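Novice: First the structure, which I've put down as structure tokens, then a few questions once you've had a look.
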Amino acid sequence: MKKSIVAICLCLFFSLTVSAAIRLPNILGSHMVLQQKSKVKLWGWGQPSEKITITTTWNTDTIRAEVDGGAKWVTEIITPSAGGPYKITIAGSSVIVLDDVLIGETWVCGGQSNMEWSGDQQLQESIDEAPLAKNNKIRLFYVTKSTASFPQDNLEGKWVVCSPEEMIHFSAIGYFFGKNLQNALNTPIGLINSNWGGTAAETWTPTEVITASEYLTATAAKQNATPWWPHKIGDAYNAMIAPLTNYTIAGAIWYQGESNTGTYYGYTELFTKMIHAWRKNWNKNFPFYFVQIAPFHYGNKNVGALLREAQTKAAGFENTGMVVVSDLVPDTNNIHPTLKKEVAARLANLALDQTYKNASTKGINPNSPSLESFTIEANKIIIKLKDAPAGIMAKGDASTYFEIAGADKIFMPAQVKIEGGQIIVTSSKLAAPVAVRYGFSNTTRPNLYSKTGLPVNIFRTDNWEMDTSEIK
């Protein structure tokens, strides 16, 4: 009987000890990278009124916090310039020691399958790189796929040091992006992999952003439910992004849009409002760089081109940048182009140029040329491009995929003459042209480039309704 009483008391003691222990969210852990020269948050849970003290090995300050009535605590610490490793000790009713903490630059890598793709999908670039991927200055955090109806305060995942065994499972674009930054900046890089193949942008957008708009609510309702990935508005955001918003980041990279081609007309508004909501909830106007979807044989005519057009419009949103990848598509029957390393390099050049003003991009414009303006003079239309300071060139004998139309809206192949940054478009069959289109279809891979090697973005000078009927 006495032994039973002792056992019960011990169980109660250990239960109370466990319940009293302070806890941290999984995004705060050993091997993490904290954003340099920033006021970053540390937070967690404990017993109400419990006193928390925090010390670090990069200075002698003691930071204090108190657990509130909801069993939560939060405080802020100032991080130094890039470096480490450091140690953080968090003490209350229990003690947590975070080891091997680096200070550097941390980026979120989001989107659908083209951001998710890794060696797990037999991506050859990841397989070839894996044996070389031992880098203590790159740290990886892979967010476990999950959904929730309401914003969560924690998620599954942990920080790991980049190694061949870890890198092979990580986003190829995310890893190569981080490697390029780490090489150029000589700074520790943290990468948070939060993506899910097949997902539409609606599920990565806070619910209230969509429900506040009748238009976005209507377009979201047209997303087809599937048993393979989430489709409800806000579900992925709530579980896989919201728990990260206390964690200070440098910025985000994004590759998504294939699952929104059916509602291309609402994508510009949806996407820019998603970006705005993320920044608002992070309380930081961080850079957001994204990939324009690649040419692919979609089931309906022109929807891929129209989605790329919507993304181009979104690229005008504050502190964003878009990379064009129409030339990095070996096979337009494959929705997952295999050249991820090259895509990552273009994203990295955007970040190095626009966010870091790094010397490695001096004299290199990381933006693809795109339509700036056009004028009609007699039987020709003159196109002016921006982001082509050194001029334009065609790879091959002649520029491809230019079409021209008159007032009847019937497009025909055009003749093209390149003069510096201008393009003169004509047709011997058309005396009074009205509009020009360049590469404007689902699958075209046109051959016009800046002289620094970036493909010219597709464009059209008209806003006429396009055929989006099913391809039979």
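The way I read the labels, and the way they are meant: chains A, B, ... in the order of the structure tokens, residue 1 as the first residue of every chain, and ligand 1 as the first ligand shown, with later ones counted on from there.
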Please provide as a PDB file with C-alpha atoms, in the first residue's frame all residues within 12 Å of Asp408 in chain A, with the sequence filter that same-chain residues fewer than 2 positions apart are discarded (counting only C-alpha atoms).

Specialist:
ATOM      1  CA  ILE A 404       0.225  41.130 -85.473  1.00  0.00           C
ATOM      2  CA  ALA A 405      -3.432  42.009 -86.005  1.00  0.00           C
ATOM      3  CA  GLY A 406      -5.626  44.733 -87.426  1.00  0.00           C
ATOM      4  CA  ILE A 410      -7.261  38.293 -86.531  1.00  0.00           C
ATOM      5  CA  PHE A 411      -3.626  37.605 -85.726  1.00  0.00           C
ATOM      6  CA  MET A 412      -1.049  36.518 -88.282  1.00  0.00           C
ATOM      7  CA  LEU A 430      -1.496  44.306 -93.039  1.00  0.00           C
ATOM      8  CA  ALA A 432      -3.121  49.231 -90.630  1.00  0.00           C
ATOM      9  CA  PRO A 433      -1.932  47.164 -87.648  1.00  0.00           C
ATOM     10  CA  VAL A 434      -3.551  47.592 -84.259  1.00  0.00           C
ATOM     11  CA  ALA A 435      -2.001  45.047 -81.900  1.00  0.00           C
ATOM     12  CA  TRP A 464      -9.054  41.578 -76.156  1.00  0.00           C
TER      13      TRP A 464
END

Novice: I want to know what sits within 6 Å of range 128-136 of chain A, based on only C-alpha atoms, with residues of the same chain fewer than 6 positions away left out; could you give that as a PyMOL selection string?

Specialist: chain A and resi 161-164+168

Novice: Could you tell me, as JSON, numbers by chain, which residues of range 100-227 of chain A DSSP assigns to strand (DSSP E or B) when given the backbone?

Specialist: {"A": [100, 101, 102, 103, 104, 105, 106, 107, 108, 109, 110, 111, 135, 136, 137, 138, 139, 140, 141, 142, 159, 160, 161, 162, 189, 190, 191, 192, 193, 194, 195]}

Novice: For CA of Asn367 in chain A and CA of Val33 in chain A, quote the distance in Å rounded to one decimal.

Specialist: 28.8 Å

Novice: Nearest to Leu42 in chain A among A:Asp68, A:Asp467, A:Glu165, A:Glu76, with distances taken over only C-alpha atoms: which residue is it?

Specialist: A:Glu76

Novice: For CA of Thr217 in chain A and CA of Ile293 in chain A, determine how far apart the two atoms are, in Å to one decimal place.

Specialist: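 Interatomic distance here is 23.4 Å.
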
Novice: Determine, using only C-alpha atoms, which residues of range 299-376 of chain A have any atom at most 9 Å from an atom of range 382-397 of chain A, and tabulate each with its shortest atom pair and distance in Å to one decimal place, rows ordered by chain and then rising number, as CSV.

Specialist:
residue,atom,partner,partner_atom,distance
A:Asn365,CA,A:Asp387,CA,6.9
A:Pro366,CA,A:Asp387,CA,8.6
A:Asn367,CA,A:Asp387,CA,6.3
A:Ser368,CA,A:Asp387,CA,6.4
A:Pro369,CA,A:Asp387,CA,4.7
A:Ser370,CA,A:Leu385,CA,5.4
A:Leu371,CA,A:Leu385,CA,4.7
A:Glu372,CA,A:Leu385,CA,4.9
A:Ser373,CA,A:Lys384,CA,5.2
A:Phe374,CA,A:Ile383,CA,4.5
A:Thr375,CA,A:Ile382,CA,5.3
A:Ile376,CA,A:Ile382,CA,6.3

Novice: Could the residues in this selection be saved with C-alpha atoms as an mmCIF file, in the first residue's frame?

Specialist:
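New file out.cif:
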data_model
loop_
_atom_site.group_PDB
_atom_site.id
_atom_site.type_symbol
_atom_site.label_atom_id
_atom_site.label_comp_id
_atom_site.auth_asym_id
_atom_site.auth_seq_id
_atom_site.Cartn_x
_atom_site.Cartn_y
_atom_site.Cartn_z
ATOM 1 C CA ASN A 365 20.402 43.641 -64.708
ATOM 2 C CA PRO A 366 18.687 40.622 -63.073
ATOM 3 C CA ASN A 367 15.294 41.468 -64.598
ATOM 4 C CA SER A 368 14.060 40.008 -67.859
ATOM 5 C CA PRO A 369 13.156 42.620 -70.494
ATOM 6 C CA SER A 370 9.436 43.318 -70.693
ATOM 7 C CA LEU A 371 7.020 45.575 -72.535
ATOM 8 C CA GLU A 372 7.323 49.261 -71.629
ATOM 9 C CA SER A 373 5.334 50.949 -74.383
ATOM 10 C CA PHE A 374 4.321 50.767 -78.046
ATOM 11 C CA THR A 375 3.504 53.191 -80.822
ATOM 12 C CA ILE A 376 1.797 52.673 -84.169
#

Novice: Just to confirm, what's the straight-line distance from CA of Met322 in chain A to CA of Val291 in chain A in Å (one decimal)?

Specialist: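 A separation of 5.5 Å between them.
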
Novice: Between A:Lys137, A:His336, A:Lys280, A:His297, which one has atoms that come closest to Gly197 in chain A, using only C-alpha atoms?

Specialist: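 The closest residue to Gly197 in chain A is A:His336.
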
Novice: Residues of range 342-434 of chain A that approach range 100-118 of chain A to 12 Å or less, counting only C-alpha atoms: could you list each one with the shortest pair of atoms and its distance in Å to one decimal, rows by chain and increasing residue number, as a Markdown table?

Specialist:
| residue | atom | partner | partner_atom | distance |
| --- | --- | --- | --- | --- |
| A:Val343 | CA | A:Met115 | CA | 10.2 |
| A:Ala344 | CA | A:Met115 | CA | 9.9 |
| A:Leu347 | CA | A:Cys109 | CA | 11.1 |
| A:Ala348 | CA | A:Trp107 | CA | 11.2 |
| A:Ala351 | CA | A:Trp107 | CA | 10.5 |
| A:Leu352 | CA | A:Glu105 | CA | 11.9 |
| A:Thr355 | CA | A:Glu105 | CA | 11.2 |
| A:Tyr356 | CA | A:Glu105 | CA | 10.6 |

Novice: Ranking A:Asp327, A:Glu403, A:Glu470, A:Glu342 by minimum distance to Gly174 in chain A and counting only C-alpha atoms, which one comes first?

Specialist: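 With only C-alpha atoms as the atom set, the closest residue is A:Glu342.
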
Novice: Run DSSP on the backbone and give me the residues of range 37-199 of chain A it puts in helix (DSSP H, G or I), as a VMD selection string.

Specialist: chain A and resid 113 to 116 119 to 121 124 to 132 164 to 167 172 to 185

Novice: Residues within 9 Å of range 49-61 of chain A, please, as a list of chain:residue names. Count only C-alpha atoms; anything in the same chain fewer than 6 positions from it doesn't count.

Specialist: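 So the residues in contact are A:Ile22, A:Val67, A:Asp68, A:Gly69, A:Ala71, A:Trp73, A:Ile77, A:Thr79, A:Pro80, A:Gly84, A:Tyr86, A:Lys87, A:Ile88, A:Thr89, A:Ile90, A:Ala91, A:Gly92, A:Ser93.
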
Novice: Kindly export the residues of the current selection with N, CA and C atoms, as a PDB file, in the first residue's frame.

Specialist:
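And here is the file that came out, selection_34.pdb:
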ATOM      1  N   ILE A  22       8.948  25.256 -19.190  1.00  0.00           N
ATOM      2  CA  ILE A  22       8.757  26.210 -20.271  1.00  0.00           C
ATOM      3  C   ILE A  22       8.931  25.484 -21.606  1.00  0.00           C
ATOM      4  N   VAL A  67       5.434  35.161 -18.135  1.00  0.00           N
ATOM      5  CA  VAL A  67       4.348  34.409 -18.767  1.00  0.00           C
ATOM      6  C   VAL A  67       3.021  35.085 -18.407  1.00  0.00           C
ATOM      7  N   ASP A  68       2.185  35.331 -19.441  1.00  0.00           N
ATOM      8  CA  ASP A  68       0.910  36.012 -19.173  1.00  0.00           C
ATOM      9  C   ASP A  68      -0.165  35.036 -18.741  1.00  0.00           C
ATOM     10  N   GLY A  69      -1.373  35.560 -18.546  1.00  0.00           N
ATOM     11  CA  GLY A  69      -2.470  34.733 -18.064  1.00  0.00           C
ATOM     12  C   GLY A  69      -2.907  33.664 -19.043  1.00  0.00           C
ATOM     13  N   ALA A  71      -0.769  31.733 -20.524  1.00  0.00           N
ATOM     14  CA  ALA A  71       0.355  30.792 -20.494  1.00  0.00           C
ATOM     15  C   ALA A  71       1.355  31.047 -21.621  1.00  0.00           C
ATOM     16  N   TRP A  73       4.470  33.679 -23.376  1.00  0.00           N
ATOM     17  CA  TRP A  73       5.433  34.752 -23.136  1.00  0.00           C
ATOM     18  C   TRP A  73       6.122  35.112 -24.451  1.00  0.00           C
ATOM     19  N   ILE A  77      15.077  40.287 -28.587  1.00  0.00           N
ATOM     20  CA  ILE A  77      16.509  40.432 -28.370  1.00  0.00           C
ATOM     21  C   ILE A  77      17.133  41.068 -29.604  1.00  0.00           C
ATOM     22  N   THR A  79      20.085  41.192 -32.279  1.00  0.00           N
ATOM     23  CA  THR A  79      21.125  40.312 -32.829  1.00  0.00           C
ATOM     24  C   THR A  79      22.276  41.142 -33.389  1.00  0.00           C
ATOM     25  N   PRO A  80      23.483  40.596 -33.356  1.00  0.00           N
ATOM     26  CA  PRO A  80      24.646  41.298 -33.897  1.00  0.00           C
ATOM     27  C   PRO A  80      24.773  41.067 -35.397  1.00  0.00           C
ATOM     28  N   GLY A  84      28.757  33.533 -35.465  1.00  0.00           N
ATOM     29  CA  GLY A  84      28.405  32.387 -34.638  1.00  0.00           C
ATOM     30  C   GLY A  84      29.407  31.269 -34.839  1.00  0.00           C
ATOM     31  N   TYR A  86      26.617  30.581 -31.653  1.00  0.00           N
ATOM     32  CA  TYR A  86      26.328  31.126 -30.338  1.00  0.00           C
ATOM     33  C   TYR A  86      25.417  30.168 -29.579  1.00  0.00           C
ATOM     34  N   LYS A  87      25.207  30.521 -28.304  1.00  0.00           N
ATOM     35  CA  LYS A  87      24.326  29.737 -27.444  1.00  0.00           C
ATOM     36  C   LYS A  87      23.312  30.690 -26.824  1.00  0.00           C
ATOM     37  N   ILE A  88      22.076  30.240 -26.725  1.00  0.00           N
ATOM     38  CA  ILE A  88      21.013  30.993 -26.059  1.00  0.00           C
ATOM     39  C   ILE A  88      20.471  30.132 -24.929  1.00  0.00           C
ATOM     40  N   THR A  89      20.412  30.689 -23.727  1.00  0.00           N
ATOM     41  CA  THR A  89      19.886  29.971 -22.565  1.00  0.00           C
ATOM     42  C   THR A  89      18.608  30.646 -22.114  1.00  0.00           C
ATOM     43  N   ILE A  90      17.534  29.864 -22.025  1.00  0.00           N
ATOM     44  CA  ILE A  90      16.219  30.363 -21.608  1.00  0.00           C
ATOM     45  C   ILE A  90      15.850  29.627 -20.333  1.00  0.00           C
ATOM     46  N   ALA A  91      15.703  30.368 -19.243  1.00  0.00           N
ATOM     47  CA  ALA A  91      15.513  29.741 -17.926  1.00  0.00           C
ATOM     48  C   ALA A  91      14.238  30.240 -17.268  1.00  0.00           C
ATOM     49  N   GLY A  92      13.494  29.293 -16.714  1.00  0.00           N
ATOM     50  CA  GLY A  92      12.308  29.583 -15.925  1.00  0.00           C
ATOM     51  C   GLY A  92      12.176  28.464 -14.906  1.00  0.00           C
ATOM     52  N   SER A  93      11.041  27.800 -14.922  1.00  0.00           N
ATOM     53  CA  SER A  93      10.891  26.618 -14.071  1.00  0.00           C
ATOM     54  C   SER A  93      11.738  25.463 -14.587  1.00  0.00           C
TER      55      SER A  93
END

Novice: I want to know what sits within 10 Å of range 308-319 of chain A, based on only C-alpha atoms, with residues of the same chain fewer than 5 positions away left out; could you give that as a PyMOL selection string?

Specialist: chain A and resi 257-258+261+264-273+275-276+285-295+302-303+324+354-355+370+440-442+457-460

Novice: Calculated over only C-alpha atoms, which of the candidates A:His231, A:Lys340, A:His31, A:Arg23 has the smallest distance to Phe176 in chain A?

Specialist: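 Going through A:His231, A:Lys340, A:His31, A:Arg23 one by one, the smallest distance to Phe176 in chain A is for A:Lys340.
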